[in-house]
Amino acid sequence: MFKLVEYLSAPIYQKKISGEIPKPSNYQCFPGAWYHKALSAKDFWLGIEATVTLPLFVPDETRYEYVPNEDGSTVEYKKYLDTPSVYLGGSSDYETDIGFGWFRGIVNNKMSDEKITFRPFWRYIFLDETGKMQNLYKGTTIQQTNFYFFPGDKLHIHLYCPEIDYLQFRVELIKPTEIVKYVTIRKQLALENDWPSVLLTEKILAPGNGRATSEYKRVNAIDQYHNEGRPTQLTQAFVTDCVWEDTFLFREHNNKLIKVPFDESRFIRMLCPNKEAFIIKKTDRSESVKIIPLGYKANN
């Protein structure tokens with residue numbers, strides 16, 4: 001298997017690859033969220049790389065619940081029922097979701113009253129020693145403020161196979177946000193002169209990756225609490241432009257690691273549950289995704 005340094009330096013390959021499996025021709029939406037997914041064929045891919053600028057999220061002020069506060073106090077927390085996520089995935093035997101969820105944070109030693117930060121997470125599925133299926137969710141902790149990322153941050157991200165049956169996620173901040181609210185928060189975290197550390201996660205169990213065929217994806221979503229697998233709820237929440245640049249898939253070719261453009265020749269575009277909720281803008285090297293469930297005409 002290839003080392004991280006080889007993924008970081010893999011050359012771009014533009015020629016046709018003999019035997020490459022065509023992208024899917026159709027898809028079925030999974031209910032319970034508003035999401036845009038670019039999904040590859042199931043082929044001998046070893047990972048995915050992209051540069052992504054994280055979006056802003058505006059909640060629906062009519063969709064919320066009060067829940068116990070995480071700090072143990074008696075004051076309840078106002079939790080919106082919609083929440084954004086930006087993530088990658090690499091599915092072989094089982095599905096994996098690895099990227100960024102929207103969370104509260106600790107600023108000046110105090111839990112924020114609202115969600116303020118995109119924090120890395122990884123959700124993965126496998127069979128344990130008894131044959132029971134496990135569906136686990138992990139991520140960086142709320143105390144790891146050096147891994148707080150914000151709307152407007154430009155990140156270089158890699159999801160790659162470091163060894164058979166495993167994936168690993170690497171995140172590097174290459175340009176910090178210029179949005180005043182989040183510049184201020186980063187200063188309060190004493191990070192204004194010290195960009196967040198490069199994140200390299202633990203090796204994440206992902207059976208089949210590097211051994212069998214795998215599919216890879218990039219996803220923008222508005223997830224909905226208590227609603228997975230149920231009909232997607234209409235919401236006034238929306239997500240501004242999330243910009244994807246220079247997205248590539250990795251694979252072995254002639255005993256060397258290469259990367260190939262992950263463009264519309266290699267992915268099927270899933271717009272769920274209604275294509276009218278998405279605004280897609282494309283250039284030669286980038287694509288922006290905006291999610292507005294009520295339709296772009298009302299909010300554009």
# chains A, B, ... in the order shown; residues from 1 in each chain; ligands from 1
>>> residues_around(residues="Thr213 (chain A)", least_positions_apart="2", cutoff="6 Å", atoms="only C-alpha atoms", output="list in words")
Lys42, Asp43 and Phe44 of chain A
>>> residues_around(residues="region 64-68 of chain A", least_positions_apart="4", cutoff="7 Å", atoms="only C-alpha atoms", output="number ranges by chain")
A: 76-81
>>> write_last_selection(atoms="C-alpha atoms", output="PDB file, in the first residue's frame")
ATOM      1  CA  GLU A  76     -31.563  23.992  28.296  1.00  0.00           C
ATOM      2  CA  TYR A  77     -29.964  24.490  24.900  1.00  0.00           C
ATOM      3  CA  LYS A  78     -31.922  25.643  21.824  1.00  0.00           C
ATOM      4  CA  LYS A  79     -31.063  23.075  19.174  1.00  0.00           C
ATOM      5  CA  TYR A  80     -32.127  23.643  15.579  1.00  0.00           C
ATOM      6  CA  LEU A  81     -33.541  20.576  13.840  1.00  0.00           C
TER       7      LEU A  81
END
>>> closest_residue(among="A:Thr232, A:Thr51, A:Asn108, A:Thr283", to="Leu173 (chain A)", atoms="only C-alpha atoms")
A:Thr51
>>> residues_around(residues="Ile164 (chain A)", least_positions_apart="4", cutoff="8 Å", atoms="only C-alpha atoms", output="PyMOL selection string")
chain A and resi 1+207-211
>>> closest_residue(among="A:Ile125, A:Val171, A:Ile21, A:Val5", to="Arg266 (chain A)", atoms="only C-alpha atoms")
A:Ile21
>>> residues_around(residues="region 177-185 of chain A", least_positions_apart="4", cutoff="12 Å", atoms="only C-alpha atoms", output="PyMOL selection string")
chain A and resi 53-56+105-108+112+115-118+145+148-155+173+189-193+195
>>> write_last_selection(atoms="N, CA and C atoms", output="CSV table (one decimal), in the first residue's frame")
chain,number,residue,atom,x,y,z
A,53,THR,N,-13.9,25.1,0.3
A,53,THR,CA,-14.1,26.3,1.2
A,53,THR,C,-15.5,26.0,1.8
A,54,LEU,N,-15.5,26.1,3.2
A,54,LEU,CA,-16.6,25.7,4.0
A,54,LEU,C,-17.7,26.8,3.9
A,55,PRO,N,-19.0,26.4,3.9
A,55,PRO,CA,-20.1,27.4,3.7
A,55,PRO,C,-20.6,28.0,5.0
A,56,LEU,N,-21.5,28.9,4.8
A,56,LEU,CA,-22.3,29.5,5.9
A,56,LEU,C,-23.6,28.8,6.0
A,105,GLY,N,-19.0,25.1,20.4
A,105,GLY,CA,-17.6,25.1,20.7
A,105,GLY,C,-17.3,25.8,22.1
A,106,ILE,N,-16.1,25.6,22.5
A,106,ILE,CA,-15.7,26.3,23.8
A,106,ILE,C,-14.8,27.5,23.5
A,107,VAL,N,-15.3,28.6,23.9
A,107,VAL,CA,-14.6,29.9,23.6
A,107,VAL,C,-14.5,30.6,24.9
A,108,ASN,N,-13.3,31.1,25.3
A,108,ASN,CA,-13.0,31.7,26.6
A,108,ASN,C,-13.5,30.8,27.7
A,112,SER,N,-20.3,27.8,23.8
A,112,SER,CA,-21.0,28.7,23.0
A,112,SER,C,-22.5,28.5,23.1
A,115,LYS,N,-24.2,27.0,17.7
A,115,LYS,CA,-23.1,26.2,16.9
A,115,LYS,C,-22.3,27.2,16.2
A,116,ILE,N,-20.9,27.0,16.2
A,116,ILE,CA,-20.0,28.0,15.7
A,116,ILE,C,-18.9,27.4,14.8
A,117,THR,N,-18.8,26.1,14.8
A,117,THR,CA,-17.6,25.5,14.2
A,117,THR,C,-17.9,24.2,13.5
A,118,PHE,N,-17.2,24.0,12.3
A,118,PHE,CA,-17.2,22.7,11.7
A,118,PHE,C,-16.1,21.9,12.3
A,145,THR,N,-9.5,22.7,20.2
A,145,THR,CA,-9.8,23.9,19.5
A,145,THR,C,-8.9,24.2,18.3
A,148,TYR,N,-10.8,23.4,15.3
A,148,TYR,CA,-12.0,24.1,14.9
A,148,TYR,C,-11.8,24.7,13.5
A,149,PHE,N,-12.8,24.4,12.6
A,149,PHE,CA,-12.7,25.1,11.3
A,149,PHE,C,-14.0,25.8,11.1
A,150,PHE,N,-14.0,26.9,10.3
A,150,PHE,CA,-15.1,27.9,10.3
A,150,PHE,C,-15.6,28.1,8.9
A,151,PRO,N,-16.8,28.6,8.7
A,151,PRO,CA,-17.3,29.0,7.4
A,151,PRO,C,-16.3,30.0,6.8
A,152,GLY,N,-16.0,29.8,5.5
A,152,GLY,CA,-15.0,30.6,4.8
A,152,GLY,C,-13.6,30.1,4.8
A,153,ASP,N,-13.3,29.1,5.7
A,153,ASP,CA,-12.0,28.5,5.7
A,153,ASP,C,-11.8,27.7,4.5
A,154,LYS,N,-10.6,27.8,3.9
A,154,LYS,CA,-10.3,27.0,2.7
A,154,LYS,C,-9.3,25.9,3.1
A,155,LEU,N,-9.7,24.6,2.9
A,155,LEU,CA,-9.0,23.4,3.4
A,155,LEU,C,-8.6,22.5,2.3
A,173,LEU,N,-5.5,23.5,6.8
A,173,LEU,CA,-6.0,24.8,6.5
A,173,LEU,C,-5.0,25.6,5.6
A,189,LEU,N,-9.7,32.3,20.4
A,189,LEU,CA,-9.1,31.0,20.7
A,189,LEU,C,-7.6,31.1,20.7
A,190,ALA,N,-7.1,32.3,20.6
A,190,ALA,CA,-5.6,32.6,20.6
A,190,ALA,C,-4.9,31.9,19.4
A,191,LEU,N,-5.7,31.8,18.3
A,191,LEU,CA,-5.1,31.1,17.1
A,191,LEU,C,-4.8,32.1,15.9
A,192,GLU,N,-5.0,33.4,16.2
A,192,GLU,CA,-4.9,34.3,15.1
A,192,GLU,C,-3.5,34.3,14.5
A,193,ASN,N,-2.5,33.9,15.2
A,193,ASN,CA,-1.1,33.9,14.6
A,193,ASN,C,-0.6,32.4,14.6
A,195,TRP,N,-2.1,29.0,12.8
A,195,TRP,CA,-3.2,28.3,12.2
A,195,TRP,C,-3.4,27.0,12.8
